[in-house]
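File shown: input_26.cif. Contents: mmCIF, C-alpha atoms and all ligand atoms.
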```cif
data_upload
#
loop_
_atom_site.label_atom_id
_atom_site.label_comp_id
_atom_site.auth_asym_id
_atom_site.auth_seq_id
_atom_site.Cartn_x
_atom_site.Cartn_y
_atom_site.Cartn_z
CA MET A 9 11.43 -10.80 -6.88
CA ARG A 10 9.93 -7.37 -7.44
CA ILE A 11 6.74 -7.72 -9.47
CA ALA A 12 5.48 -4.60 -11.18
CA ARG A 13 2.38 -3.92 -13.21
CA PHE A 14 3.00 -1.49 -16.01
CA SER A 15 1.80 -0.20 -19.33
CA ILE A 16 3.91 -0.37 -22.45
CA ASP A 17 2.70 1.37 -25.58
CA GLY A 18 -0.81 1.29 -24.15
CA ASN A 19 -0.79 -2.44 -23.23
CA VAL A 20 -0.83 -3.61 -19.61
CA ALA A 21 1.50 -6.35 -18.37
CA PHE A 22 3.22 -7.66 -15.27
CA GLY A 23 6.97 -7.95 -15.09
CA ALA A 24 9.90 -8.67 -12.80
CA VAL A 25 11.96 -5.56 -12.03
CA GLU A 26 15.71 -6.13 -12.21
CA GLY A 27 18.63 -3.87 -11.31
CA ASP A 28 19.80 -1.93 -8.29
CA SER A 29 20.26 1.64 -9.39
CA PRO A 30 16.98 3.57 -9.78
CA ASP A 31 18.22 4.90 -13.14
CA ASP A 32 19.04 1.48 -14.42
CA LEU A 33 15.99 -0.70 -13.84
CA VAL A 34 14.68 -3.11 -16.45
CA ILE A 35 11.46 -5.08 -16.49
CA ASP A 36 11.44 -8.70 -17.63
CA ILE A 37 7.90 -9.18 -18.93
CA ILE A 38 5.89 -11.95 -17.27
CA LYS A 39 3.88 -14.34 -19.44
CA GLY A 40 0.38 -14.14 -18.02
CA ILE A 41 -0.26 -13.06 -14.43
CA PRO A 42 1.89 -13.47 -11.32
CA PHE A 43 -0.67 -15.45 -9.29
CA GLY A 44 0.17 -19.13 -9.23
CA ASP A 45 2.92 -20.42 -11.53
CA PHE A 46 4.28 -18.08 -14.15
CA GLU A 47 7.26 -17.66 -16.45
CA LEU A 48 9.45 -14.74 -17.33
CA SER A 49 9.47 -14.06 -21.08
CA GLY A 50 13.09 -12.88 -21.23
CA THR A 51 11.88 -9.78 -23.10
CA LYS A 52 13.26 -6.83 -21.16
CA VAL A 53 12.28 -3.19 -21.33
CA PRO A 54 13.97 -0.31 -19.54
CA LEU A 55 11.94 1.35 -16.80
CA ALA A 56 13.54 4.50 -15.46
CA ALA A 57 15.71 5.48 -18.39
CA ASP A 58 12.72 5.42 -20.66
CA ARG A 59 12.71 8.91 -22.14
CA ASP A 60 9.87 8.32 -24.57
CA ASN A 61 7.66 7.30 -21.68
CA ARG A 62 6.70 4.06 -23.40
CA VAL A 63 6.79 2.28 -20.05
CA ARG A 64 4.83 3.54 -17.06
CA LEU A 65 4.33 1.88 -13.68
CA LEU A 66 0.72 1.21 -12.69
CA PRO A 67 -0.64 0.20 -9.28
CA PRO A 68 1.06 -3.19 -8.75
CA VAL A 69 -2.29 -4.95 -8.34
CA LEU A 70 -5.95 -4.11 -9.02
CA PRO A 71 -7.53 -5.20 -5.75
CA ASN A 72 -11.12 -6.29 -5.49
CA LYS A 73 -10.90 -4.69 -2.04
CA VAL A 74 -8.41 -2.98 0.22
CA VAL A 75 -8.92 -3.93 3.87
CA ALA A 76 -7.22 -1.47 6.20
CA PHE A 77 -6.63 -1.83 9.92
CA GLY A 78 -6.79 1.18 12.24
CA ARG A 79 -4.77 2.13 15.30
CA ASN A 80 -2.34 -0.75 15.06
CA TYR A 81 0.69 1.17 16.36
CA ALA A 82 0.34 2.35 19.98
CA GLU A 83 2.21 5.64 19.52
CA HIS A 84 0.06 6.60 16.54
CA ALA A 85 -3.18 5.80 18.39
CA ALA A 86 -1.96 7.99 21.27
CA GLU A 87 -0.99 10.94 19.05
CA LEU A 88 -4.63 11.21 17.89
CA GLY A 89 -5.95 10.68 21.43
CA ASN A 90 -7.24 7.17 20.77
CA GLU A 91 -6.91 3.92 22.67
CA VAL A 92 -5.26 0.90 21.09
CA PRO A 93 -8.12 -1.52 20.42
CA ASP A 94 -7.99 -4.94 22.13
CA ALA A 95 -8.95 -6.62 18.89
CA PRO A 96 -7.96 -5.51 15.38
CA PHE A 97 -10.56 -3.35 13.64
CA ALA A 98 -10.90 -3.06 9.90
CA PHE A 99 -12.36 -0.63 7.40
CA PHE A 100 -12.40 -0.56 3.59
CA LYS A 101 -10.81 1.58 0.96
CA PRO A 102 -12.54 1.09 -2.41
CA SER A 103 -10.75 -0.17 -5.51
CA THR A 104 -11.31 3.28 -7.06
CA SER A 105 -9.09 4.87 -4.38
CA VAL A 106 -6.03 2.98 -5.64
CA ILE A 107 -3.30 4.80 -7.59
CA GLY A 108 0.28 3.84 -8.42
CA ASP A 109 3.76 5.24 -7.91
CA GLY A 110 4.04 8.68 -9.49
CA ASP A 111 0.28 9.18 -9.86
CA PRO A 112 -1.15 12.34 -8.30
CA ILE A 113 -3.08 12.47 -5.02
CA VAL A 114 -5.96 14.83 -5.83
CA TYR A 115 -6.82 16.97 -2.81
CA PRO A 116 -10.52 16.37 -2.07
CA SER A 117 -12.92 19.32 -2.30
CA PHE A 118 -14.68 18.50 0.99
CA SER A 119 -11.63 18.51 3.30
CA GLN A 120 -9.23 21.08 4.70
CA GLU A 121 -7.01 18.59 6.53
CA VAL A 122 -5.55 15.71 4.53
CA HIS A 123 -2.95 13.49 6.25
CA HIS A 124 -0.38 10.96 5.08
CA GLU A 125 -0.20 7.50 6.72
CA ALA A 126 2.74 5.32 5.66
CA GLU A 127 1.79 1.64 5.86
CA LEU A 128 3.08 -1.81 4.97
CA ALA A 129 0.66 -3.37 2.48
CA VAL A 130 0.19 -7.14 2.33
CA VAL A 131 -0.74 -8.41 -1.15
CA ILE A 132 -2.82 -11.58 -1.17
CA GLY A 133 -1.77 -14.28 -3.63
CA ARG A 134 -4.64 -16.75 -3.54
CA MET A 135 -8.32 -17.00 -2.74
CA CYS A 136 -8.69 -17.71 0.96
CA ARG A 137 -11.03 -17.66 3.92
CA GLU A 138 -10.83 -18.76 7.55
CA VAL A 139 -7.06 -18.88 7.28
CA PRO A 140 -5.43 -20.51 10.33
CA ARG A 141 -2.33 -18.79 11.74
CA GLU A 142 0.03 -21.44 10.42
CA ARG A 143 -1.26 -20.96 6.85
CA VAL A 144 -1.05 -17.15 6.72
CA ALA A 145 2.32 -17.15 4.94
CA ASP A 146 0.86 -19.38 2.19
CA VAL A 147 -1.79 -16.85 1.16
CA ILE A 148 0.60 -13.88 0.87
CA LEU A 149 2.09 -13.03 -2.55
CA GLY A 150 4.32 -10.27 -1.18
CA TYR A 151 4.51 -6.78 0.22
CA THR A 152 4.38 -3.23 -1.09
CA CYS A 153 4.30 0.32 0.25
CA ALA A 154 1.01 2.11 0.87
CA ASN A 155 -0.17 5.53 1.87
CA ASP A 156 -3.52 5.47 3.69
CA VAL A 157 -4.30 9.08 2.75
CA THR A 158 -6.95 10.38 5.13
CA ALA A 159 -9.19 13.45 5.27
CA ARG A 160 -8.67 13.80 9.03
CA ASP A 161 -11.29 16.52 9.56
CA VAL A 162 -13.91 14.42 7.79
CA GLN A 163 -12.85 11.30 9.71
CA LYS A 164 -13.47 13.19 12.97
CA ARG A 165 -16.96 14.38 12.08
CA GLU A 166 -18.34 11.37 10.20
CA LYS A 167 -18.97 8.07 12.00
CA GLN A 168 -18.11 5.87 9.04
CA TRP A 169 -14.87 6.58 7.21
CA ALA A 170 -16.05 5.83 3.68
CA ARG A 171 -15.51 9.43 2.49
CA ALA A 172 -12.61 10.29 4.81
CA LYS A 173 -10.50 7.32 3.72
CA GLY A 174 -12.14 6.24 0.48
CA PHE A 175 -11.97 9.22 -1.83
CA ASP A 176 -10.39 8.86 -5.28
CA SER A 177 -6.57 8.67 -5.13
CA SER A 178 -6.51 8.09 -1.34
CA CYS A 179 -4.73 4.73 -1.68
CA PRO A 180 -1.32 5.02 -3.36
CA LEU A 181 0.27 1.56 -3.69
CA GLY A 182 3.65 0.59 -5.08
CA PRO A 183 6.07 0.82 -6.67
CA TRP A 184 5.97 -2.99 -6.96
CA VAL A 185 5.27 -6.16 -4.94
CA GLU A 186 8.35 -7.62 -3.26
CA THR A 187 7.86 -11.40 -3.02
CA GLY A 188 11.22 -12.23 -1.43
CA ILE A 189 10.33 -11.21 2.14
CA ASP A 190 9.12 -13.88 4.54
CA LEU A 191 6.54 -13.27 7.24
CA LYS A 192 9.11 -13.04 10.03
CA ARG A 193 11.14 -10.38 8.22
CA ALA A 194 7.99 -8.50 7.19
CA GLN A 195 7.41 -7.99 10.88
CA ASP A 196 10.77 -6.22 11.31
CA LEU A 197 11.09 -3.62 8.53
CA GLY A 198 11.93 0.06 8.81
CA ILE A 199 9.10 2.29 7.55
CA GLN A 200 9.45 5.97 6.78
CA CYS A 201 7.41 8.82 5.35
CA THR A 202 8.88 12.05 4.03
CA VAL A 203 7.14 15.15 2.73
CA ASN A 204 9.24 17.30 0.37
CA GLY A 205 12.26 15.33 1.57
CA GLU A 206 11.63 16.09 5.25
CA GLN A 207 11.11 13.13 7.56
CA ARG A 208 7.62 12.92 9.08
CA GLN A 209 7.18 9.28 10.12
CA LEU A 210 9.83 6.78 11.13
CA GLY A 211 9.07 3.43 12.69
CA SER A 212 9.33 -0.31 12.35
CA THR A 213 6.74 -2.90 11.46
CA ALA A 214 7.92 -4.60 14.67
CA GLN A 215 5.84 -1.96 16.51
CA MET A 216 2.49 -3.30 15.28
CA THR A 217 0.12 -4.15 18.14
CA HIS A 218 -1.58 -6.92 16.16
CA SER A 219 0.74 -8.88 13.89
CA ILE A 220 0.23 -9.53 10.18
CA GLU A 221 -0.89 -13.05 11.16
CA ASP A 222 -3.45 -11.62 13.61
CA LEU A 223 -4.82 -9.29 10.92
CA ILE A 224 -5.18 -11.96 8.21
CA VAL A 225 -6.81 -14.39 10.66
CA ASN A 226 -9.16 -11.62 11.82
CA ILE A 227 -10.37 -10.49 8.40
CA THR A 228 -10.65 -13.95 6.85
CA GLU A 229 -12.90 -15.05 9.72
CA ALA A 230 -15.39 -12.70 8.12
CA MET A 231 -14.73 -12.67 4.40
CA THR A 232 -13.00 -14.27 1.44
CA LEU A 233 -9.86 -12.55 0.19
CA LEU A 234 -9.11 -12.78 -3.51
CA PRO A 235 -5.78 -12.76 -5.37
CA GLY A 236 -4.64 -9.15 -5.59
CA ASP A 237 -6.57 -8.01 -2.52
CA VAL A 238 -4.57 -5.77 -0.23
CA VAL A 239 -4.41 -5.57 3.56
CA LEU A 240 -3.08 -2.34 5.11
CA THR A 241 -1.50 -2.92 8.50
CA GLY A 242 -1.68 0.48 10.23
CA THR A 243 0.62 3.46 10.46
CA PRO A 244 3.39 4.43 12.90
CA ALA A 245 3.38 7.76 14.74
CA GLY A 246 4.06 11.05 12.98
CA VAL A 247 1.02 11.48 10.73
CA GLY A 248 0.52 15.03 9.55
CA PRO A 249 -0.83 17.34 6.88
CA LEU A 250 -0.35 17.21 3.14
CA ASN A 251 -0.81 20.34 1.07
CA VAL A 252 -1.23 20.94 -2.65
CA GLY A 253 2.22 20.86 -4.24
CA ASP A 254 3.73 18.51 -1.66
CA GLU A 255 5.63 15.39 -2.68
CA VAL A 256 5.04 12.54 -0.24
CA ALA A 257 7.23 9.44 -0.20
CA VAL A 258 6.76 6.18 1.71
CA THR A 259 9.88 4.03 1.98
CA ILE A 260 9.91 0.52 3.42
CA GLU A 261 13.15 -1.34 3.99
CA GLY A 262 13.68 -4.13 1.47
CA ILE A 263 10.77 -3.02 -0.72
CA GLY A 264 11.31 0.45 -2.19
CA THR A 265 9.86 3.95 -2.27
CA LEU A 266 6.36 5.04 -3.27
CA THR A 267 6.26 8.70 -4.32
CA ASN A 268 3.19 10.81 -5.11
CA LYS A 269 2.57 14.49 -5.60
CA VAL A 270 -0.49 16.26 -4.18
CA ILE A 271 -2.39 18.29 -6.75
CA LYS A 272 -5.39 20.56 -6.79
CA ARG A 273 -8.61 19.25 -8.24
CA GLY A 274 -8.61 20.35 -11.89
ZN ZN B 1 -4.14 3.89 8.27
#
```

Using structure tokens, write down the structure that the file contains.
Ligand code: ZN
Amino acid sequence: MRIARFSIDGNVAFGAVEGDSPDDLVIDIIKGIPFGDFELSGTKVPLAADRDNRVRLLPPVLPNKVVAFGRNYAEHAAELGNEVPDAPFAFFKPSTSVIGDGDPIVYPSFSQEVHHEAELAVVIGRMCREVPRERVADVILGYTCANDVTARDVQKREKQWARAKGFDSSCPLGPWVETGIDLKRAQDLGIQCTVNGEQRQLGSTAQMTHSIEDLIVNITEAMTLLPGDVVLTGTPAGVGPLNVGDEVAVTIEGIGTLTNKVIKRG
């Protein structure tokens, strides 16, 4: 099931996205929230063919925190001259960095080198800590596409990455959460990034150095994850610059495409 969060006539709701053709999608509105048991209402609204713009996709979850792992694909670590770490290492992107499909990435005033990083995002479904490997699948609601947008020049000159990776609009997520992918398949998905239709990154989640299980075990040793929290799993090789006016798209096999345009600060 593809679970979207959306606004309709100014109200916010979750819904299950149905249909195959991008022009023909409908949302079956969920009663309540999609954590734990929930029901579909049977009330359906069109998504794409909605000319009056009554329905708009929002970030699929509102995370309390986004935990991101660095240098988790060997080729990407090498392209920036870094070693692959022996153990996973995490950093945060704040909740205020999150935007949804179609929302603009606002180029930050303090950077001249902003990069895209296509990543598989794991969406947490239940409160958890100290999760053992064999329980990791139980705490995952599903998967979505992410772009770990990074001010690379700032990342290089500042020890902590709070500004480089935490600025407003630096965490596009979406378009929805796919719940029908099991952990094994999540570890074998094609992942691609295009800029203005031109391919920049192409890889597979099979290339991760530390698996999704490793990452969830690692972070929950330290902290509690809450429903809706998001774990970013690293980016394959091919990161590169984004400029004002660019359209960047992250596509993950079996999930969908997350598209955002880069705009100048207004
Ligand atoms: Zn990243």

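Checking A:Val239, A:Ala12, A:Val106, A:Leu88 one by one against Val157 of chain A, counting all atoms listed in the file, you find the shortest gap at A:Val106.
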
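For segment 203-216 of chain A, the set of protein, DNA and RNA residues having any atom at most 7 Å away, when counting all atoms listed in the file and skipping those fewer than 2 positions along the same chain, is Asn80, Tyr81, Gln195, Asp196, Leu197, Gly198, Ile199, Gln200, Cys201, His218, Ser219, Pro244, Ala245, Gly246, Val247, Asp254, Glu255, Val256 and Ala257 of chain A.
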
Inset, instruction - Skip Cys153 of chain A itself and residues of its chain fewer than 6 positions away, then list as number ranges by chain all residues within 10 Å of it, counting all atoms listed in the file. - result: A: 109, 126-130, 180-186, 199, 240, 257-261, 263-267

Inset, instruction - Extract, using all atoms listed in the file, all DNA, RNA and protein residues at most 6 Å from Arg160 of chain A, discarding same-chain residues fewer than 3 positions from it, and format them as a PyMOL selection string. - result: chain A and resi 121-122+163

Using only C-alpha atoms and all ligand atoms, what table do you get, as a tab-separated table, when you list each residue of chain A with an atom no more than 8 Å from ligand ZN 1 (chain B), its nearest pair of atoms, and their distance in Å rounded to one decimal, rows by chain then rising number?
```
residue	atom	partner	partner_atom	distance
A:Ala76	CA	B:ZN1	ZN	6.5
A:Phe77	CA	B:ZN1	ZN	6.5
A:Gly78	CA	B:ZN1	ZN	5.5
A:Arg79	CA	B:ZN1	ZN	7.3
A:Glu125	CA	B:ZN1	ZN	5.6
A:Ala126	CA	B:ZN1	ZN	7.5
A:Glu127	CA	B:ZN1	ZN	6.8
A:Asn155	CA	B:ZN1	ZN	7.7
A:Asp156	CA	B:ZN1	ZN	4.9
A:Val157	CA	B:ZN1	ZN	7.6
A:Thr158	CA	B:ZN1	ZN	7.7
A:Leu240	CA	B:ZN1	ZN	7.1
A:Thr241	CA	B:ZN1	ZN	7.3
A:Gly242	CA	B:ZN1	ZN	4.6
A:Thr243	CA	B:ZN1	ZN	5.3
```

With C-alpha atoms kept, could you save the residues just selected as a short mmCIF file (atom, residue, chain, number, x, y, z; two decimals), in the coordinates of the input?
```
data_model
loop_
_atom_site.label_atom_id
_atom_site.label_comp_id
_atom_site.auth_asym_id
_atom_site.auth_seq_id
_atom_site.Cartn_x
_atom_site.Cartn_y
_atom_site.Cartn_z
CA ALA A 76 -7.22 -1.47 6.20
CA PHE A 77 -6.63 -1.83 9.92
CA GLY A 78 -6.79 1.18 12.24
CA ARG A 79 -4.77 2.13 15.30
CA GLU A 125 -0.20 7.50 6.72
CA ALA A 126 2.74 5.32 5.66
CA GLU A 127 1.79 1.64 5.86
CA ASN A 155 -0.17 5.53 1.87
CA ASP A 156 -3.52 5.47 3.69
CA VAL A 157 -4.30 9.08 2.75
CA THR A 158 -6.95 10.38 5.13
CA LEU A 240 -3.08 -2.34 5.11
CA THR A 241 -1.50 -2.92 8.50
CA GLY A 242 -1.68 0.48 10.23
CA THR A 243 0.62 3.46 10.46
#
```

Inset, instruction - For atom CA of Leu66 of chain A and atom CA of Asp111 of chain A, quote the distance in Å rounded to one decimal. - result: 8.5 Å
